[in-house]
$ cat target_17.cif   # mmCIF, C-alpha atoms
data_coords
#
loop_
_atom_site.label_atom_id
_atom_site.label_comp_id
_atom_site.auth_asym_id
_atom_site.auth_seq_id
_atom_site.Cartn_x
_atom_site.Cartn_y
_atom_site.Cartn_z
CA MET O 1 0.00 0.00 0.00
CA ASN O 2 1.51 3.29 -1.00
CA ARG O 3 1.17 6.47 0.92
CA ARG O 4 -1.55 7.99 -1.25
CA LYS O 5 -3.70 4.94 -1.06
CA PHE O 6 -3.29 4.85 2.68
CA LEU O 7 -4.33 8.47 3.00
CA THR O 8 -7.40 8.01 0.86
CA LEU O 9 -8.35 4.97 2.87
CA SER O 10 -8.03 6.75 6.18
CA VAL O 11 -10.14 9.64 4.90
CA VAL O 12 -12.81 7.21 3.77
CA THR O 13 -12.81 5.48 7.15
CA ALA O 14 -12.99 8.79 8.97
CA LEU O 15 -15.93 9.82 6.81
CA SER O 16 -17.84 6.61 7.22
CA LEU O 17 -17.52 6.56 11.00
CA PRO O 18 -19.88 9.44 11.78
CA ILE O 19 -22.51 7.86 9.56
CA ALA O 20 -22.38 4.68 11.57
CA ALA O 21 -22.67 6.71 14.73
CA LEU O 22 -25.63 8.66 13.40
CA ALA O 23 -27.98 6.66 15.57
CA THR O 24 -29.54 8.69 18.30
CA ASP O 25 -30.81 7.34 21.56
CA TYR O 26 -33.26 10.04 22.49
CA ARG O 27 -33.50 8.75 26.02
CA MET O 28 -29.83 9.44 26.61
CA GLU O 29 -29.80 12.64 24.69
CA LYS O 30 -32.98 14.31 25.91
CA PRO O 31 -33.80 12.78 29.28
CA THR O 32 -36.10 15.64 30.28
CA ALA O 33 -38.44 14.99 27.36
CA TRP O 34 -39.46 11.68 28.90
CA THR O 35 -40.48 13.06 32.26
CA ALA O 36 -42.45 16.07 31.01
CA HIS O 37 -46.08 15.99 32.06
CA THR O 38 -47.66 17.95 29.25
CA VAL O 39 -47.37 17.50 25.52
CA ASP O 40 -46.12 21.06 25.04
CA ASP O 41 -43.38 20.62 27.64
CA ALA O 42 -42.31 17.33 26.15
CA ILE O 43 -42.08 18.82 22.67
CA LYS O 44 -40.10 21.74 24.02
CA ALA O 45 -37.71 19.45 25.85
CA LEU O 46 -37.21 17.32 22.77
CA TYR O 47 -36.98 19.84 19.97
CA GLY O 48 -36.78 23.24 21.63
CA ASP O 49 -39.10 26.12 20.94
CA VAL O 50 -40.30 25.15 17.50
CA LYS O 51 -43.19 26.19 15.34
CA LEU O 52 -45.41 23.29 14.37
CA VAL O 53 -47.07 23.07 10.99
CA GLN O 54 -50.25 21.06 10.62
CA SER O 55 -49.82 18.57 7.82
CA ASP O 56 -52.11 16.19 6.01
CA ALA O 57 -49.12 14.39 4.56
CA ILE O 58 -48.89 12.50 7.81
CA ILE O 59 -51.28 9.62 8.16
CA LEU O 60 -52.05 8.78 11.76
CA LYS O 61 -54.07 5.60 11.90
CA MET O 62 -55.84 4.78 15.11
CA PRO O 63 -59.30 3.81 16.32
CA LYS O 64 -61.84 6.42 17.42
CA LEU O 65 -62.90 4.16 20.23
CA ALA O 66 -60.67 1.69 22.00
CA SER O 67 -62.02 -0.86 24.45
CA ASN O 68 -58.67 -1.79 25.92
CA GLY O 69 -56.44 1.03 27.11
CA GLY O 70 -53.59 -1.42 27.52
CA ALA O 71 -53.16 -1.78 23.79
CA VAL O 72 -54.33 0.91 21.44
CA PRO O 73 -53.07 0.28 17.92
CA ILE O 74 -51.28 3.20 16.29
CA GLY O 75 -50.04 3.50 12.76
CA ILE O 76 -47.87 6.31 11.47
CA LYS O 77 -47.15 6.79 7.81
CA THR O 78 -45.75 9.66 5.82
CA ASP O 79 -43.76 10.40 2.70
CA ILE O 80 -42.06 13.43 4.24
CA LYS O 81 -38.29 13.04 4.26
CA ALA O 82 -37.62 13.17 7.95
CA LYS O 83 -34.92 13.10 10.56
CA SER O 84 -37.10 11.93 13.39
CA VAL O 85 -40.68 11.08 14.25
CA SER O 86 -42.16 11.35 17.71
CA LEU O 87 -45.42 10.48 19.38
CA PHE O 88 -47.11 12.15 22.35
CA GLN O 89 -50.41 11.82 24.19
CA ASN O 90 -52.18 13.71 26.95
CA ALA O 91 -53.68 10.91 29.04
CA ASN O 92 -50.78 9.24 30.83
CA PRO O 93 -48.75 10.84 33.63
CA GLU O 94 -45.89 11.47 31.24
CA SER O 95 -46.48 12.63 27.70
CA ALA O 96 -43.78 11.19 25.50
CA VAL O 97 -44.44 7.75 24.09
CA ALA O 98 -41.81 7.12 21.48
CA VAL O 99 -39.25 8.78 19.28
CA TRP O 100 -37.93 7.20 16.12
CA SER O 101 -34.78 8.43 14.50
CA VAL O 102 -35.24 7.93 10.81
CA PRO O 103 -32.21 6.56 8.99
CA GLU O 104 -31.22 7.87 5.60
CA ASP O 105 -33.60 6.60 2.93
CA GLY O 106 -35.79 5.20 5.69
CA ILE O 107 -39.45 4.43 5.09
CA ILE O 108 -41.80 5.92 7.64
CA ASP O 109 -44.49 3.34 8.08
CA TYR O 110 -44.57 2.35 11.70
CA GLY O 111 -47.08 0.32 13.63
CA PHE O 112 -47.31 -0.63 17.27
CA LYS O 113 -49.63 -0.60 20.25
CA ILE O 114 -49.53 1.81 23.14
CA LYS O 115 -51.05 2.16 26.59
CA LEU O 116 -53.47 4.98 27.21
CA LYS O 117 -55.00 5.69 30.56
CA GLY O 118 -58.67 6.05 29.78
CA GLY O 119 -61.95 6.20 31.65
CA ASP O 120 -64.67 8.81 32.12
CA ASN O 121 -65.20 8.75 28.38
CA LYS O 122 -62.73 11.54 28.02
CA SER O 123 -61.19 12.17 24.69
CA ILE O 124 -57.46 11.54 24.48
CA LYS O 125 -55.39 13.46 22.00
CA VAL O 126 -52.49 11.72 20.32
CA THR O 127 -49.97 13.91 18.52
CA VAL O 128 -47.34 12.94 15.99
CA ILE O 129 -44.48 15.23 15.12
CA VAL O 130 -42.31 14.69 12.08
CA GLU O 131 -39.03 16.54 12.06
CA GLY O 132 -38.44 17.09 8.37
CA LEU O 133 -35.01 17.20 6.78
CA ASP O 134 -36.04 20.65 5.57
CA GLY O 135 -36.11 21.86 9.17
CA VAL O 136 -39.88 22.16 9.33
CA PHE O 137 -41.76 20.41 12.12
CA TYR O 138 -44.92 18.82 10.81
CA THR O 139 -47.64 17.67 13.13
CA LYS O 140 -50.87 15.77 13.07
CA SER O 141 -53.24 14.88 15.89
CA ALA O 142 -56.12 12.52 16.37
CA SER O 143 -58.44 11.72 19.24
CA VAL O 144 -59.42 8.44 20.79
CA GLN O 145 -61.79 7.43 23.54
CA VAL O 146 -60.76 4.63 25.82
CA SER O 147 -63.61 2.95 27.65
CA SER O 148 -61.92 0.79 30.25
CA THR O 149 -59.46 2.22 32.68
CA THR O 150 -56.15 0.51 32.61
CA CYS O 151 -52.64 1.66 32.36
CA GLU O 152 -51.23 -1.56 33.64
CA GLY O 153 -50.29 -3.18 30.38
CA MET U 1 -32.56 -16.39 23.29
CA ALA U 2 -35.95 -17.07 21.98
CA ASN U 3 -37.75 -14.10 23.31
CA MET U 4 -38.11 -12.34 20.04
CA LYS U 5 -40.15 -13.38 17.05
CA ILE U 6 -39.26 -11.73 13.79
CA LYS U 7 -40.97 -11.94 10.47
CA ALA U 8 -39.32 -10.23 7.54
CA LYS U 9 -40.52 -10.55 3.99
CA GLU U 10 -39.38 -8.76 0.87
CA LYS U 11 -41.65 -7.63 -1.92
CA ASP U 12 -40.58 -5.28 -4.71
CA GLY U 13 -37.47 -4.17 -2.85
CA ILE U 14 -39.33 -3.30 0.31
CA VAL U 15 -39.00 -5.47 3.36
CA LYS U 16 -41.95 -5.63 5.70
CA VAL U 17 -41.02 -6.47 9.25
CA LYS U 18 -43.11 -7.59 12.14
CA ALA U 19 -41.27 -8.20 15.37
CA LYS U 20 -42.63 -9.34 18.67
CA LEU U 21 -40.45 -8.56 21.66
CA THR U 22 -41.30 -10.31 24.87
CA HIS U 23 -41.19 -7.85 27.73
CA GLU U 24 -43.58 -7.00 30.53
CA MET U 25 -43.13 -3.24 30.01
CA MET U 26 -43.78 -2.31 33.62
CA THR U 27 -44.78 1.33 33.99
CA TYR U 28 -43.84 3.45 36.99
CA ALA U 29 -47.47 3.47 38.16
CA ALA U 30 -47.89 -0.29 37.88
CA ALA U 31 -44.54 -0.92 39.51
CA GLN U 32 -45.46 1.24 42.47
CA LYS U 33 -48.67 -0.70 42.98
CA LYS U 34 -46.88 -4.02 42.88
CA GLY U 35 -43.93 -2.81 44.88
CA ARG U 36 -41.46 -3.57 42.14
CA GLU U 37 -39.06 -1.65 39.99
CA ALA U 38 -40.31 -0.18 36.77
CA ASN U 39 -38.72 -1.79 33.78
CA PHE U 40 -39.41 -1.31 30.12
CA ILE U 41 -37.69 -1.36 26.77
CA THR U 42 -36.01 1.95 26.15
CA HIS U 43 -34.24 1.45 22.87
CA VAL U 44 -34.71 -0.76 19.83
CA VAL U 45 -32.36 -0.88 16.87
CA ALA U 46 -32.67 -2.91 13.71
CA LYS U 47 -29.69 -3.35 11.45
CA VAL U 48 -28.87 -4.98 8.16
CA ASP U 49 -25.20 -5.43 7.48
CA GLU U 50 -24.32 -2.98 10.31
CA LYS U 51 -26.47 -0.31 8.69
CA ILE U 52 -29.25 0.97 10.88
CA ILE U 53 -32.63 0.74 9.21
CA TYR U 54 -34.91 1.31 12.18
CA GLU U 55 -34.40 2.96 15.51
CA LEU U 56 -36.85 3.59 18.30
CA SER U 57 -36.35 5.28 21.63
CA SER U 58 -39.35 4.13 23.59
CA SER U 59 -41.14 4.83 26.82
CA GLN U 60 -43.15 2.90 29.38
CA PHE U 61 -46.35 3.42 27.43
CA ILE U 62 -45.75 0.86 24.76
CA SER U 63 -47.92 -2.19 25.31
CA LYS U 64 -46.78 -5.36 26.97
CA ASP U 65 -44.95 -7.71 24.61
CA PRO U 66 -44.72 -4.99 21.99
CA ILE U 67 -45.19 -5.84 18.35
CA LEU U 68 -43.31 -3.46 16.11
CA LYS U 69 -44.12 -3.14 12.47
CA PHE U 70 -41.96 -1.28 9.99
CA LYS U 71 -40.65 -1.29 6.44
CA PHE U 72 -37.32 -0.62 4.82
CA HIS U 73 -35.51 -0.94 1.51
CA GLY U 74 -33.83 -4.32 1.44
CA LYS U 75 -33.32 -7.59 -0.33
CA LYS U 76 -34.22 -11.20 0.18
CA GLY U 77 -31.46 -13.21 1.82
CA GLU U 78 -30.03 -10.37 3.85
CA VAL U 79 -29.89 -10.79 7.59
CA LEU U 80 -31.88 -8.48 9.78
CA GLU U 81 -30.67 -8.02 13.33
CA ILE U 82 -32.86 -6.49 16.02
CA THR U 83 -31.49 -5.49 19.39
CA TRP U 84 -33.38 -4.08 22.34
CA THR U 85 -32.20 -2.60 25.59
CA ASP U 86 -34.33 -2.16 28.69
CA MET U 87 -34.14 -0.02 31.84
CA SER U 88 -32.17 -2.61 33.78
CA GLY U 89 -29.55 -2.58 31.06
CA LYS U 90 -30.50 -5.98 29.70
CA LYS U 91 -29.74 -6.34 26.03
CA VAL U 92 -31.23 -8.93 23.74
CA ALA U 93 -30.41 -9.44 20.08
CA GLU U 94 -31.90 -11.73 17.50
CA SER U 95 -31.31 -12.08 13.79
CA LYS U 96 -33.43 -13.37 11.00
CA LYS U 97 -32.89 -13.95 7.33
CA ILE U 98 -35.19 -11.93 5.12
CA LYS U 99 -37.55 -14.12 3.14
#

$ encode --input "target_17.cif" --output "structure tokens"
Amino acid sequence: MNRRKFLTLSVVTALSLPIAALATDYRMEKPTAWTAHTVDDAIKALYGDVKLVQSDAIILKMPKLASNGGAVPIGIKTDIKAKSVSLFQNANPESAVAVWSVPEDGIIDYGFKIKLKGGDNKSIKVTVIVEGLDGVFYTKSASVQVSSTTCEG
Amino acid sequence: MANMKIKAKEKDGIVKVKAKLTHEMMTYAAAQKKGREANFITHVVAKVDEKIIYELSSSQFISKDPILKFKFHGKKGEVLEITWTDMSGKKVAESKKIK
């Protein structure tokens, strides 16, 4: 290996390293976001003081009425090129539910089930925020009613 | 360890994944009632060939034995590796060949 080849190689390695380390554990990075008690506080702790733009490009799939608060199915889908996607709700003691960091060329089509503390037929608001690569924060909300009270899982 | 079930299937260059992680996902409230420590999955990463294709930082409010569904650009025959970490620091990894 000659010197030039070695130099090129080391530059390539140095460049590829940060990409591998691009993964973000939002629990380590923004610990306060997970203990915030309101949606607004949680968003502020996670992203800072940002302006949210309502967007119909985000599809938030969830039932209007859920019988079991221990497992409310949620589906999030969007074509927006994003850096991260996060989910909040206003029923549980803490607001943040999940944050995905979207890898390059990642497809945003996530599905899972969450716990929502229901009862009293109150309407629970679930909010999704998509942090676009263009620096705009897109948001979409939907409401759900949970009939039985359980947060036990 | 067989506490993760992964299904990964490719169609037209897109791999659909369904993964079931076995975990009790004990919330702070439930743990207090039962007099135990809260414990839940805090971080899930899925990789193909050391490239991250899915990453979730999660909270206590994901249901017990969470089933995660997601998609990514991939090919049949590649190996998908999912790793989760919980509050106690326990780490579990499982890999599966994409069908």

$ resolve_selection --input "target_17.cif" --expression "the PyMOL selection byres ((chain U and resi 25) around 9)" --output "PyMOL selection string"
(chain O and resi 153) or (chain U and resi 22-24+26-27+38-41+59-66+86)

$ resolve_selection --input "target_17.cif" --expression "the PyMOL selection byres ((chain U) within 7 of (chain O))" --output "list in words"
Ala30, His43, Ile52, Ile53, Tyr54, Glu55, Leu56, Ser57, Ser58, Ser59, Phe61, Ile62, Ser63, Lys64, Pro66, Ile67, Leu68, Lys69, Phe70, Lys71 and Phe72 of chain U

$ residues_around --input "target_17.cif" --residues "Val39 (chain O)" --least-positions-apart "3" --cutoff "10 Å" --atoms "all atoms listed in the file" --output "PyMOL selection string"
chain O and resi 33+36+42-45+87-91+94-96+125-127

$ atom_distance --input "target_17.cif" --atom1 "CA of Ser67 (chain O)" --atom2 "CA of Gln32 (chain U)"
24.6 Å

$ residues_around --input "target_17.cif" --residues "region 128-140 of chain O" --least-positions-apart "3" --cutoff "8 Å" --atoms "only C-alpha atoms" --output "PyMOL selection string"
chain O and resi 50-56+58-60+80-88

$ atom_distance --input "target_17.cif" --atom1 "CA of Lys76 (chain U)" --atom2 "CA of Lys61 (chain O)"
28.5 Å

$ residues_near_point --input "target_17.cif" --point "(-29.8, -13.1, 13.5)" --cutoff "10 Å" --atoms "all atoms listed in the file" --output "list of chain:residue names"
U:Ile6, U:Lys47, U:Val48, U:Val79, U:Leu80, U:Glu81, U:Ile82, U:Thr83, U:Ala93, U:Glu94, U:Ser95, U:Lys96, U:Lys97

$ residues_around --input "target_17.cif" --residues "Val15 (chain U)" --least-positions-apart "6" --cutoff "8 Å" --atoms "only C-alpha atoms" --output "PyMOL selection string"
chain U and resi 8-9+71-75+98

$ atom_distance --input "target_17.cif" --atom1 "CA of Ala29 (chain U)" --atom2 "CA of Ala66 (chain O)"
20.9 Å

$ decode --input "target_17.cif" --residues "region 57-71 of chain U" --atoms "all heavy atoms" --output "PDB file, in the first residue's frame"
ATOM      1  N   SER U  57     -36.580   5.018  20.209  1.00  0.00           N
ATOM      2  CA  SER U  57     -36.355   5.279  21.631  1.00  0.00           C
ATOM      3  C   SER U  57     -37.739   5.248  22.245  1.00  0.00           C
ATOM      4  O   SER U  57     -38.597   6.038  21.886  1.00  0.00           O
ATOM      5  CB  SER U  57     -35.734   6.659  21.835  1.00  0.00           C
ATOM      6  OG  SER U  57     -34.593   6.803  21.041  1.00  0.00           O
ATOM      7  N   SER U  58     -37.978   4.327  23.154  1.00  0.00           N
ATOM      8  CA  SER U  58     -39.354   4.132  23.591  1.00  0.00           C
ATOM      9  C   SER U  58     -39.547   4.444  25.064  1.00  0.00           C
ATOM     10  O   SER U  58     -38.603   4.601  25.820  1.00  0.00           O
ATOM     11  CB  SER U  58     -39.787   2.701  23.297  1.00  0.00           C
ATOM     12  OG  SER U  58     -38.935   1.819  23.976  1.00  0.00           O
ATOM     13  N   SER U  59     -40.803   4.510  25.449  1.00  0.00           N
ATOM     14  CA  SER U  59     -41.142   4.833  26.823  1.00  0.00           C
ATOM     15  C   SER U  59     -41.927   3.684  27.433  1.00  0.00           C
ATOM     16  O   SER U  59     -42.162   2.662  26.807  1.00  0.00           O
ATOM     17  CB  SER U  59     -41.988   6.093  26.862  1.00  0.00           C
ATOM     18  OG  SER U  59     -43.292   5.772  26.453  1.00  0.00           O
ATOM     19  N   GLN U  60     -42.375   3.902  28.654  1.00  0.00           N
ATOM     20  CA  GLN U  60     -43.146   2.900  29.381  1.00  0.00           C
ATOM     21  C   GLN U  60     -44.519   2.647  28.766  1.00  0.00           C
ATOM     22  O   GLN U  60     -45.173   1.677  29.105  1.00  0.00           O
ATOM     23  CB  GLN U  60     -43.311   3.405  30.800  1.00  0.00           C
ATOM     24  CG  GLN U  60     -43.742   4.863  30.809  1.00  0.00           C
ATOM     25  CD  GLN U  60     -43.900   5.426  32.208  1.00  0.00           C
ATOM     26  OE1 GLN U  60     -44.252   4.727  33.116  1.00  0.00           O
ATOM     27  NE2 GLN U  60     -43.638   6.701  32.364  1.00  0.00           N
ATOM     28  N   PHE U  61     -44.969   3.514  27.884  1.00  0.00           N
ATOM     29  CA  PHE U  61     -46.352   3.420  27.426  1.00  0.00           C
ATOM     30  C   PHE U  61     -46.555   2.560  26.198  1.00  0.00           C
ATOM     31  O   PHE U  61     -47.594   2.585  25.570  1.00  0.00           O
ATOM     32  CB  PHE U  61     -46.928   4.813  27.193  1.00  0.00           C
ATOM     33  CG  PHE U  61     -46.871   5.656  28.430  1.00  0.00           C
ATOM     34  CD1 PHE U  61     -46.244   6.878  28.433  1.00  0.00           C
ATOM     35  CD2 PHE U  61     -47.427   5.184  29.602  1.00  0.00           C
ATOM     36  CE1 PHE U  61     -46.171   7.634  29.592  1.00  0.00           C
ATOM     37  CE2 PHE U  61     -47.353   5.931  30.766  1.00  0.00           C
ATOM     38  CZ  PHE U  61     -46.722   7.160  30.764  1.00  0.00           C
ATOM     39  N   ILE U  62     -45.549   1.812  25.851  1.00  0.00           N
ATOM     40  CA  ILE U  62     -45.746   0.857  24.763  1.00  0.00           C
ATOM     41  C   ILE U  62     -46.270  -0.430  25.402  1.00  0.00           C
ATOM     42  O   ILE U  62     -45.871  -0.806  26.497  1.00  0.00           O
ATOM     43  CB  ILE U  62     -44.423   0.656  24.009  1.00  0.00           C
ATOM     44  CG1 ILE U  62     -44.134   1.952  23.243  1.00  0.00           C
ATOM     45  CG2 ILE U  62     -44.517  -0.518  23.048  1.00  0.00           C
ATOM     46  CD1 ILE U  62     -42.815   1.995  22.593  1.00  0.00           C
ATOM     47  N   SER U  63     -47.221  -1.051  24.727  1.00  0.00           N
ATOM     48  CA  SER U  63     -47.918  -2.190  25.311  1.00  0.00           C
ATOM     49  C   SER U  63     -46.989  -3.339  25.680  1.00  0.00           C
ATOM     50  O   SER U  63     -45.898  -3.478  25.148  1.00  0.00           O
ATOM     51  CB  SER U  63     -48.975  -2.698  24.342  1.00  0.00           C
ATOM     52  OG  SER U  63     -49.877  -1.680  24.091  1.00  0.00           O
ATOM     53  N   LYS U  64     -47.498  -4.163  26.552  1.00  0.00           N
ATOM     54  CA  LYS U  64     -46.782  -5.360  26.971  1.00  0.00           C
ATOM     55  C   LYS U  64     -46.509  -6.257  25.760  1.00  0.00           C
ATOM     56  O   LYS U  64     -47.349  -6.364  24.875  1.00  0.00           O
ATOM     57  CB  LYS U  64     -47.662  -6.091  27.981  1.00  0.00           C
ATOM     58  CG  LYS U  64     -47.054  -7.292  28.587  1.00  0.00           C
ATOM     59  CD  LYS U  64     -48.054  -7.950  29.509  1.00  0.00           C
ATOM     60  CE  LYS U  64     -47.554  -9.290  29.947  1.00  0.00           C
ATOM     61  NZ  LYS U  64     -48.540  -9.992  30.749  1.00  0.00           N
ATOM     62  N   ASP U  65     -45.371  -6.898  25.754  1.00  0.00           N
ATOM     63  CA  ASP U  65     -44.947  -7.711  24.613  1.00  0.00           C
ATOM     64  C   ASP U  65     -45.148  -6.961  23.295  1.00  0.00           C
ATOM     65  O   ASP U  65     -45.938  -7.366  22.445  1.00  0.00           O
ATOM     66  CB  ASP U  65     -45.713  -9.038  24.566  1.00  0.00           C
ATOM     67  CG  ASP U  65     -45.437  -9.878  25.789  1.00  0.00           C
ATOM     68  OD1 ASP U  65     -44.419  -9.621  26.462  1.00  0.00           O
ATOM     69  OD2 ASP U  65     -46.232 -10.774  26.084  1.00  0.00           O
ATOM     70  N   PRO U  66     -44.462  -5.859  23.146  1.00  0.00           N
ATOM     71  CA  PRO U  66     -44.716  -4.991  21.985  1.00  0.00           C
ATOM     72  C   PRO U  66     -44.472  -5.685  20.638  1.00  0.00           C
ATOM     73  O   PRO U  66     -43.533  -6.456  20.488  1.00  0.00           O
ATOM     74  CB  PRO U  66     -43.745  -3.831  22.177  1.00  0.00           C
ATOM     75  CG  PRO U  66     -42.783  -4.266  23.200  1.00  0.00           C
ATOM     76  CD  PRO U  66     -43.421  -5.319  24.013  1.00  0.00           C
ATOM     77  N   ILE U  67     -45.371  -5.385  19.725  1.00  0.00           N
ATOM     78  CA  ILE U  67     -45.193  -5.843  18.354  1.00  0.00           C
ATOM     79  C   ILE U  67     -44.866  -4.610  17.526  1.00  0.00           C
ATOM     80  O   ILE U  67     -45.648  -3.666  17.489  1.00  0.00           O
ATOM     81  CB  ILE U  67     -46.472  -6.506  17.819  1.00  0.00           C
ATOM     82  CG1 ILE U  67     -46.789  -7.754  18.633  1.00  0.00           C
ATOM     83  CG2 ILE U  67     -46.318  -6.861  16.337  1.00  0.00           C
ATOM     84  CD1 ILE U  67     -48.123  -8.380  18.306  1.00  0.00           C
ATOM     85  N   LEU U  68     -43.706  -4.608  16.919  1.00  0.00           N
ATOM     86  CA  LEU U  68     -43.309  -3.457  16.114  1.00  0.00           C
ATOM     87  C   LEU U  68     -43.405  -3.819  14.644  1.00  0.00           C
ATOM     88  O   LEU U  68     -42.942  -4.864  14.217  1.00  0.00           O
ATOM     89  CB  LEU U  68     -41.869  -3.053  16.448  1.00  0.00           C
ATOM     90  CG  LEU U  68     -41.578  -2.715  17.914  1.00  0.00           C
ATOM     91  CD1 LEU U  68     -40.093  -2.523  18.110  1.00  0.00           C
ATOM     92  CD2 LEU U  68     -42.331  -1.475  18.349  1.00  0.00           C
ATOM     93  N   LYS U  69     -44.029  -2.912  13.905  1.00  0.00           N
ATOM     94  CA  LYS U  69     -44.119  -3.137  12.466  1.00  0.00           C
ATOM     95  C   LYS U  69     -43.395  -1.999  11.765  1.00  0.00           C
ATOM     96  O   LYS U  69     -43.565  -0.845  12.124  1.00  0.00           O
ATOM     97  CB  LYS U  69     -45.575  -3.127  12.018  1.00  0.00           C
ATOM     98  CG  LYS U  69     -46.361  -4.303  12.503  1.00  0.00           C
ATOM     99  CD  LYS U  69     -47.769  -4.195  11.958  1.00  0.00           C
ATOM    100  CE  LYS U  69     -48.749  -4.918  12.843  1.00  0.00           C
ATOM    101  NZ  LYS U  69     -50.116  -4.513  12.594  1.00  0.00           N
ATOM    102  N   PHE U  70     -42.609  -2.325  10.780  1.00  0.00           N
ATOM    103  CA  PHE U  70     -41.962  -1.281   9.991  1.00  0.00           C
ATOM    104  C   PHE U  70     -41.503  -1.828   8.648  1.00  0.00           C
ATOM    105  O   PHE U  70     -41.577  -3.026   8.394  1.00  0.00           O
ATOM    106  CB  PHE U  70     -40.787  -0.659  10.749  1.00  0.00           C
ATOM    107  CG  PHE U  70     -39.714  -1.632  11.183  1.00  0.00           C
ATOM    108  CD1 PHE U  70     -38.608  -1.865  10.392  1.00  0.00           C
ATOM    109  CD2 PHE U  70     -39.821  -2.289  12.393  1.00  0.00           C
ATOM    110  CE1 PHE U  70     -37.615  -2.751  10.789  1.00  0.00           C
ATOM    111  CE2 PHE U  70     -38.833  -3.184  12.803  1.00  0.00           C
ATOM    112  CZ  PHE U  70     -37.737  -3.408  11.997  1.00  0.00           C
ATOM    113  N   LYS U  71     -41.099  -0.901   7.782  1.00  0.00           N
ATOM    114  CA  LYS U  71     -40.650  -1.286   6.442  1.00  0.00           C
ATOM    115  C   LYS U  71     -39.307  -0.646   6.157  1.00  0.00           C
ATOM    116  O   LYS U  71     -38.986   0.389   6.716  1.00  0.00           O
ATOM    117  CB  LYS U  71     -41.650  -0.775   5.398  1.00  0.00           C
ATOM    118  CG  LYS U  71     -42.977  -1.478   5.435  1.00  0.00           C
ATOM    119  CD  LYS U  71     -43.896  -0.859   4.410  1.00  0.00           C
ATOM    120  CE  LYS U  71     -45.280  -1.476   4.499  1.00  0.00           C
ATOM    121  NZ  LYS U  71     -46.251  -0.735   3.706  1.00  0.00           N
TER     122      LYS U  71
END
